[in-house]
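Student: Provided herewith is a single structure, encoded as structure tokens, for subsequent inquiry.
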Amino acid sequence: MSDFKYTEGRFADIQMLRYRLEGFDKLSLRRKKLVYCLSQAALFGRDITFDQFGKYNLKIRKTLEAVYTGYEGDRLSDDFKALEVYLKRVWFSNGIYHHYGCDKFVPGFSEEFFTAAVKSVDPALLPLNGMSVDELCAELCPVMFNPDVLPVKVCKKAGVDIVESSACNFYDGVTQDEVEGYYASVKDPADDEPLSYGLNTSVVKEDGVVKEQVWRLGGKYGKAIEKIVFWLERACDLADDDRQRRVIELLVEYYKTGDLRLFNDYCVEWVADGGSPVDFINGFIEVYDDPLGLKGTWEGLVEYRDEDGTRRTRAISGNAQWFEDNSPVAPRFKKQRVNGVSANVICAAMLGGGEYPSTAIGINLPNADWIRARHGSKSVTISNIISAYNEAARGNGFDDEFVVDEPTKELIRKYGDLCDVIHTDLHECLGHGSGQLLPGTDPDALKAYGNTIEEARADLFGLYYVADDKMLQLGLLPDKDAYKAGYYTYMMNGLLTQLARIKKGHDIEEAHMRDRALIARWCYDKGRADNVVELVHRGGKTYVRINDYGRLRALFGSLLAEVQRIKSEGDYEAARELVEGYAVKVEPTLHDEILERYGKLGIPPYKGFINPILIPVRDDANNVVDILVDYSESYERQMLRYGKIYSTLI
């Protein structure tokens, strides 16, 4: 419907991209309408995510939008321009905390300007709810401008109360000990189909009693869930088959009741790989944004299958038992029988909640270990998102600045993109679904370190097998040395270049970044005696050189075996030692160097996406006869439109 371009613009440390809906026009009308209804359901959860990421996020967003649209002062002033950038960051991160680093943004405008600007706009645009404008400013200013008030979204520092120290809005008036004690009291250790305790609740203290507030229709977030349910019920009428209809019906019943048994039933039904090319994720899913790893961030993703790419992932998933049997982990930690592993390459049709604007390139669900063991898992690699990233990165000078020599650069140019895709496939298709917990192991035993250990486990699985001859036998890699491109870029990222995403003087906090640092630094340390990997210095710059790729693979295998043992046994102390020892601290001199080198390239370290607009086309009788795709919407216009149409909680 409009000309397509991948890049749209940039601000702060972020570049905005677009993703193309390849093959959408070839879907049947019924399936296009199904995608449309599921997309509406994915967009109506937006306010939930904002509220989960901070108690004041929705008020701050609406207040900033009121100033952005209604301010009649000097819109070219430095203060107003800084407010515009701040608002764009709030939109991007679903709140006032960095989407990756968890630190609170520092406004580039003054508190005095903000207060005067708020007072200058029409009060009808502001989220007053019975407050005066002065009271609104008095409530929001400390949160926005005082660095000591709610400073981080998720705190994972050792030795502090990580519940009280985190600004995420999952807990109110309770301590870490109280939360952990509460869930210890309600869990049934004899339940062989355990619930995902705490996934869809806030924990509060009322009259001295710790209790849960359930996120459901008629409960907390009920107004948003009402809209989600409305569109899911419309989607149910368009389902491809009885299985897909049953999946949607179970999700709706779960939203209505908040019953986690129904969520288990939904996950079991959803994980069965049906025949429809259209699928979706909708709900309280990933727990990375909770310091205790219990509460599910709301997210939405609508997808349809990329048939060509899926042939690749099914070659992997079809050999799942072989990969499990030949894993370097101890036999007692392996699954004797791998069940129901399905893997698809998909095109994203709409992103929502925690998947928007920044999204994953691969997903493996469900997260419950017992469901994975008995019923399998479903994995997706998102091809049109990966394509957008790759197109945006071409010719940006990154490899020339950070890769150690020309032969390695050539290897990366030739095989780097392919190795990244294969590693993602292995990570998502098999890594997360591999191994098993020993009987009696609490799936939450690793506490704050659980997310990092789980991501490291899946990454190591992919790293170990991308170098296996099986990749050649399955026709997934064309050359026995191709895997080296993936090994090099992984080690370079884990040891050096991901530091460009860390604010000076800060630790590594995000689970995926900790996972990569843990693996790269552990292998560097353990291989030092044999000079497997070295850091070389040339012209004042640090580079990674891999001297023995075969030995590096063996180190990946050894660490995989240990990480799987930690996971299987629930060994909290070993997890703590690994993460705190290798994955958290940043060497200041090296960090300064990477920041300087990366900054000279002018490459934003983070990227996110603008959703396409799906437009129903109607005939004279008001029947929908097609769904068109429009890529023309700007980032600002999309965010303001979403704020009007999909705002339910403020």
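Residues in the structure tokens are named by chain (A, B, ... in the order shown) and by number from 1 within that chain; ligands are numbered from 1 in the order shown.
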Report as an MDAnalysis selection string all protein, DNA and RNA residues lying within 12 Å of region 106-110 of chain A, evaluated on only C-alpha atoms, omitting residues in the same chain fewer than 2 positions from it.
Tutor: chainID A and resid 12 64 77:90 96:98 103:104 112:117 141:148 151:152
Student: Which residues come within 8 Å of Leu601 (chain A), counting only C-alpha atoms, excluding same-chain residues fewer than 3 positions away, as JSON, numbers by chain?
Tutor: {"A": [396, 397, 398, 597, 598]}
Student: Those selected residues, please, written with N, CA, C and O atoms and delivered as an mmCIF file, in the first residue's frame.
Tutor:
data_model
loop_
_atom_site.group_PDB
_atom_site.id
_atom_site.type_symbol
_atom_site.label_atom_id
_atom_site.label_comp_id
_atom_site.auth_asym_id
_atom_site.auth_seq_id
_atom_site.Cartn_x
_atom_site.Cartn_y
_atom_site.Cartn_z
ATOM 1 N N ASN A 396 27.756 -0.861 8.246
ATOM 2 C CA ASN A 396 27.821 0.125 9.332
ATOM 3 C C ASN A 396 29.215 0.268 9.951
ATOM 4 O O ASN A 396 29.407 1.056 10.875
ATOM 5 N N GLY A 397 30.191 -0.509 9.489
ATOM 6 C CA GLY A 397 31.564 -0.373 9.962
ATOM 7 C C GLY A 397 31.901 -1.134 11.226
ATOM 8 O O GLY A 397 33.044 -1.087 11.701
ATOM 9 N N PHE A 398 30.926 -1.872 11.779
ATOM 10 C CA PHE A 398 31.134 -2.566 13.050
ATOM 11 C C PHE A 398 32.249 -3.608 12.950
ATOM 12 O O PHE A 398 33.158 -3.648 13.782
ATOM 13 N N ARG A 597 35.078 3.511 21.198
ATOM 14 C CA ARG A 597 35.151 2.967 19.837
ATOM 15 C C ARG A 597 33.765 2.825 19.220
ATOM 16 O O ARG A 597 33.552 3.144 18.039
ATOM 17 N N TYR A 598 32.824 2.331 20.000
ATOM 18 C CA TYR A 598 31.460 2.146 19.490
ATOM 19 C C TYR A 598 30.814 3.501 19.194
ATOM 20 O O TYR A 598 30.128 3.678 18.176
#
Student: Residues near Pro123 (chain A), anyone? I mean within 12 Å using only C-alpha atoms, not counting same-chain ones fewer than 6 positions away, as a ChimeraX atom specification.
Tutor: /A:62-63,66-67,70-71,117,129-134,136
Student: Let's have the selection written as an mmCIF file, in the first residue's frame, with all heavy atoms.
Tutor:
data_model
loop_
_atom_site.group_PDB
_atom_site.id
_atom_site.type_symbol
_atom_site.label_atom_id
_atom_site.label_comp_id
_atom_site.auth_asym_id
_atom_site.auth_seq_id
_atom_site.Cartn_x
_atom_site.Cartn_y
_atom_site.Cartn_z
ATOM 1 N N LYS A 62 0.876 9.681 30.032
ATOM 2 C CA LYS A 62 -0.247 10.525 29.614
ATOM 3 C C LYS A 62 0.055 12.003 29.831
ATOM 4 O O LYS A 62 -0.322 12.857 29.014
ATOM 5 C CB LYS A 62 -1.514 10.131 30.365
ATOM 6 C CG LYS A 62 -2.755 10.844 29.835
ATOM 7 C CD LYS A 62 -4.038 10.161 30.223
ATOM 8 C CE LYS A 62 -5.233 10.847 29.559
ATOM 9 N NZ LYS A 62 -6.507 10.147 29.846
ATOM 10 N N THR A 63 0.751 12.329 30.905
ATOM 11 C CA THR A 63 1.113 13.719 31.155
ATOM 12 C C THR A 63 2.072 14.231 30.084
ATOM 13 O O THR A 63 1.910 15.340 29.558
ATOM 14 C CB THR A 63 1.748 13.856 32.548
ATOM 15 O OG1 THR A 63 0.820 13.400 33.539
ATOM 16 C CG2 THR A 63 2.122 15.295 32.830
ATOM 17 N N ALA A 66 0.264 14.813 26.891
ATOM 18 C CA ALA A 66 -0.523 16.044 26.945
ATOM 19 C C ALA A 66 0.344 17.258 26.652
ATOM 20 O O ALA A 66 -0.052 18.170 25.903
ATOM 21 C CB ALA A 66 -1.175 16.180 28.323
ATOM 22 N N VAL A 67 1.551 17.286 27.210
ATOM 23 C CA VAL A 67 2.464 18.389 26.940
ATOM 24 C C VAL A 67 2.917 18.352 25.474
ATOM 25 O O VAL A 67 2.950 19.386 24.793
ATOM 26 C CB VAL A 67 3.676 18.337 27.893
ATOM 27 C CG1 VAL A 67 4.718 19.385 27.499
ATOM 28 C CG2 VAL A 67 3.232 18.542 29.338
ATOM 29 N N GLY A 70 -0.160 19.419 23.396
ATOM 30 C CA GLY A 70 -0.898 20.630 23.742
ATOM 31 C C GLY A 70 -0.063 21.834 24.117
ATOM 32 O O GLY A 70 -0.614 22.919 24.344
ATOM 33 N N TYR A 71 1.252 21.682 24.189
ATOM 34 C CA TYR A 71 2.113 22.793 24.622
ATOM 35 C C TYR A 71 2.170 23.865 23.540
ATOM 36 O O TYR A 71 2.426 23.580 22.360
ATOM 37 C CB TYR A 71 3.518 22.260 24.904
ATOM 38 C CG TYR A 71 4.491 23.277 25.435
ATOM 39 C CD1 TYR A 71 4.288 23.883 26.668
ATOM 40 C CD2 TYR A 71 5.632 23.618 24.712
ATOM 41 C CE1 TYR A 71 5.197 24.806 27.174
ATOM 42 C CE2 TYR A 71 6.550 24.531 25.206
ATOM 43 C CZ TYR A 71 6.320 25.126 26.436
ATOM 44 O OH TYR A 71 7.228 26.037 26.937
ATOM 45 N N ALA A 117 5.240 23.553 31.983
ATOM 46 C CA ALA A 117 4.607 23.028 30.773
ATOM 47 C C ALA A 117 3.317 22.284 31.101
ATOM 48 O O ALA A 117 2.307 22.427 30.397
ATOM 49 C CB ALA A 117 5.587 22.112 30.042
ATOM 50 N N ASN A 129 -7.683 12.646 37.753
ATOM 51 C CA ASN A 129 -8.454 11.731 38.605
ATOM 52 C C ASN A 129 -8.743 12.333 39.980
ATOM 53 O O ASN A 129 -8.501 11.717 41.023
ATOM 54 C CB ASN A 129 -7.700 10.402 38.780
ATOM 55 C CG ASN A 129 -7.471 9.684 37.466
ATOM 56 O OD1 ASN A 129 -8.358 9.639 36.615
ATOM 57 N ND2 ASN A 129 -6.274 9.156 37.277
ATOM 58 N N GLY A 130 -9.250 13.557 39.965
ATOM 59 C CA GLY A 130 -9.598 14.217 41.216
ATOM 60 C C GLY A 130 -8.479 15.018 41.837
ATOM 61 O O GLY A 130 -8.698 15.729 42.825
ATOM 62 N N MET A 131 -7.261 14.917 41.311
ATOM 63 C CA MET A 131 -6.135 15.687 41.825
ATOM 64 C C MET A 131 -6.124 17.068 41.182
ATOM 65 O O MET A 131 -6.697 17.288 40.113
ATOM 66 C CB MET A 131 -4.805 14.989 41.525
ATOM 67 C CG MET A 131 -4.682 13.575 42.038
ATOM 68 S SD MET A 131 -3.154 12.778 41.444
ATOM 69 C CE MET A 131 -1.915 13.666 42.372
ATOM 70 N N SER A 132 -5.430 17.984 41.799
ATOM 71 C CA SER A 132 -5.130 19.259 41.151
ATOM 72 C C SER A 132 -3.879 19.096 40.302
ATOM 73 O O SER A 132 -3.130 18.119 40.445
ATOM 74 C CB SER A 132 -4.913 20.348 42.197
ATOM 75 O OG SER A 132 -3.698 20.104 42.913
ATOM 76 N N VAL A 133 -3.625 20.058 39.428
ATOM 77 C CA VAL A 133 -2.417 20.007 38.605
ATOM 78 C C VAL A 133 -1.179 20.086 39.491
ATOM 79 O O VAL A 133 -0.178 19.392 39.253
ATOM 80 C CB VAL A 133 -2.424 21.147 37.566
ATOM 81 C CG1 VAL A 133 -1.116 21.146 36.773
ATOM 82 C CG2 VAL A 133 -3.597 21.002 36.621
ATOM 83 N N ASP A 134 -1.235 20.915 40.539
ATOM 84 C CA ASP A 134 -0.103 21.010 41.468
ATOM 85 C C ASP A 134 0.165 19.668 42.144
ATOM 86 O O ASP A 134 1.326 19.261 42.312
ATOM 87 C CB ASP A 134 -0.377 22.072 42.526
ATOM 88 C CG ASP A 134 -0.205 23.490 41.992
ATOM 89 O OD1 ASP A 134 0.540 23.657 41.009
ATOM 90 O OD2 ASP A 134 -0.824 24.412 42.549
ATOM 91 N N LEU A 136 -0.596 16.696 40.972
ATOM 92 C CA LEU A 136 -0.054 15.775 39.972
ATOM 93 C C LEU A 136 1.445 15.998 39.811
ATOM 94 O O LEU A 136 2.234 15.028 39.815
ATOM 95 C CB LEU A 136 -0.762 15.975 38.638
ATOM 96 C CG LEU A 136 -0.238 15.134 37.471
ATOM 97 C CD1 LEU A 136 -0.505 13.646 37.698
ATOM 98 C CD2 LEU A 136 -0.851 15.589 36.137
#
Student: Within 12 Å of region 532-547 of chain A, which residues of region 478-509 of chain A show up? Give each one with its shortest atom-to-atom distance in Å (one decimal) and the two atoms involved, counting only C-alpha atoms, rows by chain then rising residue number, as a tab-separated table.
Tutor:
residue	atom	partner	partner_atom	distance
A:Lys484	CA	A:Ile546	CA	9.2
A:Ala485	CA	A:Ile546	CA	10.8
A:Gly486	CA	A:Ile546	CA	11.8
A:Tyr487	CA	A:Ile546	CA	8.7
A:Tyr488	CA	A:Ile546	CA	7.1
A:Thr489	CA	A:Val544	CA	9.4
A:Tyr490	CA	A:Val544	CA	10.4
A:Met491	CA	A:Val544	CA	7.5
A:Met492	CA	A:Val544	CA	5.9
A:Asn493	CA	A:Val544	CA	9.5
A:Gly494	CA	A:Val544	CA	10.3
A:Leu495	CA	A:Val544	CA	7.9
A:Leu496	CA	A:Tyr543	CA	8.0
A:Thr497	CA	A:Tyr543	CA	9.9
Student: For the residues in that selection, give me C-alpha atoms as a PDB file, in the first residue's frame.
Tutor:
ATOM      1  CA  LYS A 484      33.644 -20.462  13.391  1.00  0.00           C
ATOM      2  CA  ALA A 485      31.901 -17.268  12.303  1.00  0.00           C
ATOM      3  CA  GLY A 486      29.275 -17.845  14.991  1.00  0.00           C
ATOM      4  CA  TYR A 487      31.869 -18.713  17.630  1.00  0.00           C
ATOM      5  CA  TYR A 488      33.870 -15.591  16.927  1.00  0.00           C
ATOM      6  CA  THR A 489      30.952 -13.161  16.984  1.00  0.00           C
ATOM      7  CA  TYR A 490      29.604 -14.742  20.175  1.00  0.00           C
ATOM      8  CA  MET A 491      32.911 -14.478  22.036  1.00  0.00           C
ATOM      9  CA  MET A 492      33.541 -10.958  20.735  1.00  0.00           C
ATOM     10  CA  ASN A 493      30.100  -9.891  21.903  1.00  0.00           C
ATOM     11  CA  GLY A 494      30.328 -11.548  25.306  1.00  0.00           C
ATOM     12  CA  LEU A 495      33.839 -10.299  26.066  1.00  0.00           C
ATOM     13  CA  LEU A 496      33.791  -6.899  24.395  1.00  0.00           C
ATOM     14  CA  THR A 497      31.101  -5.374  22.251  1.00  0.00           C
TER      15      THR A 497
END
Student: Excluding region 425-430 of chain A and its own-chain neighbours fewer than 3 positions away, which residues fall within 9 Å of it when counting only C-alpha atoms? Please give them as number ranges by chain.
Tutor: A: 312-313, 316-317, 320, 323-324, 341-345, 362-365, 377-381, 420-422, 433-434, 455, 457-463, 465-466
Student: Using only C-alpha atoms, which residue out of A:Gly581, A:Gly431, A:Pro605, A:Gly353 lies closest to Ser39 (chain A)?
Tutor: A:Gly353
Student: So how many Å separate CA of Tyr266 (chain A) and CA of Lys55 (chain A), to one decimal?
Tutor: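 Going from CA of Tyr266 (chain A) over to CA of Lys55 (chain A) covers 29.6 Å.
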Student: Using DSSP on the backbone coordinates, identify all residues within region 93-248 of chain A classified as alpha helix (DSSP H); present the result as a PyMOL selection string.
Tutor: chain A and resi 93+111-120+133-145+176-186+222-236+242-248
Student: Write the residues of the preceding selection, restricted to C-alpha atoms, as a compact mmCIF listing (two decimals), in the first residue's frame.
Tutor:
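As a result, out01.txt now contains:
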# COMPACT_ATOMS: atom_id res chain seq x y z
CA SER A 93 10.59 1.13 27.14
CA GLU A 111 11.89 20.13 36.66
CA GLU A 112 10.87 23.78 36.47
CA PHE A 113 10.22 23.54 32.72
CA PHE A 114 8.22 20.34 33.16
CA THR A 115 6.03 21.81 35.90
CA ALA A 116 5.38 25.00 33.93
CA ALA A 117 4.61 23.03 30.77
CA VAL A 118 2.14 20.75 32.56
CA LYS A 119 0.38 23.76 34.06
CA SER A 120 0.13 25.39 30.63
CA VAL A 133 -2.42 20.01 38.60
CA ASP A 134 -0.10 21.01 41.47
CA GLU A 135 -0.74 17.68 43.20
CA LEU A 136 -0.05 15.77 39.97
CA CYS A 137 3.29 17.53 39.52
CA ALA A 138 4.18 16.97 43.17
CA GLU A 139 3.53 13.26 42.74
CA LEU A 140 5.40 12.78 39.46
CA CYS A 141 8.41 15.09 39.81
CA PRO A 142 10.29 13.09 42.48
CA VAL A 143 9.80 9.90 40.51
CA MET A 144 11.10 11.48 37.31
CA PHE A 145 13.81 13.82 38.61
CA GLN A 176 11.65 -10.35 49.65
CA ASP A 177 11.48 -12.67 52.67
CA GLU A 178 7.73 -12.17 52.94
CA VAL A 179 7.17 -12.93 49.26
CA GLU A 180 9.39 -16.01 49.30
CA GLY A 181 7.76 -17.18 52.52
CA TYR A 182 4.28 -16.69 51.07
CA TYR A 183 4.98 -18.83 48.01
CA ALA A 184 6.76 -21.47 50.07
CA SER A 185 3.56 -21.77 52.09
CA VAL A 186 1.20 -22.16 49.11
CA GLY A 222 -9.78 -6.03 34.19
CA LYS A 223 -10.56 -3.15 31.82
CA ALA A 224 -7.66 -4.06 29.53
CA ILE A 225 -8.43 -7.77 29.77
CA GLU A 226 -12.04 -7.05 28.79
CA LYS A 227 -10.84 -5.66 25.45
CA ILE A 228 -8.38 -8.52 24.96
CA VAL A 229 -11.13 -11.06 25.60
CA PHE A 230 -13.47 -9.26 23.17
CA TRP A 231 -11.02 -9.63 20.31
CA LEU A 232 -10.02 -13.17 21.26
CA GLU A 233 -13.67 -14.17 21.09
CA ARG A 234 -13.91 -12.60 17.60
CA ALA A 235 -10.77 -14.56 16.67
CA CYS A 236 -12.36 -17.75 18.02
CA ASP A 242 -11.27 -27.20 16.53
CA ARG A 243 -7.83 -27.37 18.15
CA GLN A 244 -7.12 -23.70 17.53
CA ARG A 245 -10.62 -22.82 18.70
CA ARG A 246 -10.08 -24.79 21.90
CA VAL A 247 -6.77 -22.98 22.52
CA ILE A 248 -8.47 -19.58 22.29
Student: Find the nearest atom pair between each residue of region 255-293 of chain A and region 198-218 of chain A for residues within 6 Å, count only C-alpha atoms, give distances in Å to one decimal, sort rows by chain and ascending number, and present the table as a tab-separated table.
Tutor:
residue	atom	partner	partner_atom	distance
A:Tyr255	CA	A:Arg216	CA	5.2
A:Lys256	CA	A:Leu217	CA	4.7
A:Gly258	CA	A:Arg216	CA	5.1
Student: Those residues with C-alpha atoms, as a CSV table (one decimal), in the first residue's frame please?
Tutor:
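again29.csv, written as the output of this step:
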chain,number,residue,atom,x,y,z
A,255,TYR,CA,-8.5,-14.5,31.5
A,256,LYS,CA,-12.0,-14.5,33.0
A,258,GLY,CA,-7.3,-16.1,36.6
Student: Just list the residues in region 328-464 of chain A DSSP gives strand (DSSP E or B) on the backbone, as a PyMOL selection string.
Tutor: chain A and resi 341-353+362-365+377-382
Student: Just give me the gap between CA of Ala448 (chain A) and CA of Lys156 (chain A) in Å, one decimal is fine.
Tutor: 6.6 Å
Student: Write out as a PyMOL selection string which residues come within 12 Å of Phe53 (chain A) when counting only C-alpha atoms, dropping same-chain ones fewer than 2 positions away.
Tutor: chain A and resi 46-51+55-58+90+93-99+102-104+150+152-154+166-171+287-291+295-298+353-354
Student: In Å to one decimal, how far is CA of Pro588 (chain A) from CA of Gly527 (chain A)?
Tutor: 23.0 Å
Student: What lies within 8 Å of Gly435 (chain A) using only C-alpha atoms, ignoring chain neighbours under 2 positions off, as a PyMOL selection string?
Tutor: chain A and resi 324+333-335+433+437+564+568
Student: Go through A:Leu595, A:Val404, A:Leu43, A:Ile603 one by one, measure the shortest atom-to-atom distance of each to Ser647 (chain A) using only C-alpha atoms, and give the residue with the smallest value.
Tutor: A:Leu43
Student: Using only C-alpha atoms, which of the listed residues (A:Val160, A:Leu125, A:Leu17, A:Ile382) sits closest to Ala349 (chain A)?
Tutor: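 Result for the nearest residue to Ala349 (chain A): A:Ile382.
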Student: Find, counting only C-alpha atoms, the residue in A:His375, A:Lys26, A:Lys585, A:Arg576 that gets nearest to Lys447 (chain A).
Tutor: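 Nearest candidate to Lys447 (chain A) out of A:His375, A:Lys26, A:Lys585, A:Arg576: A:Arg576.
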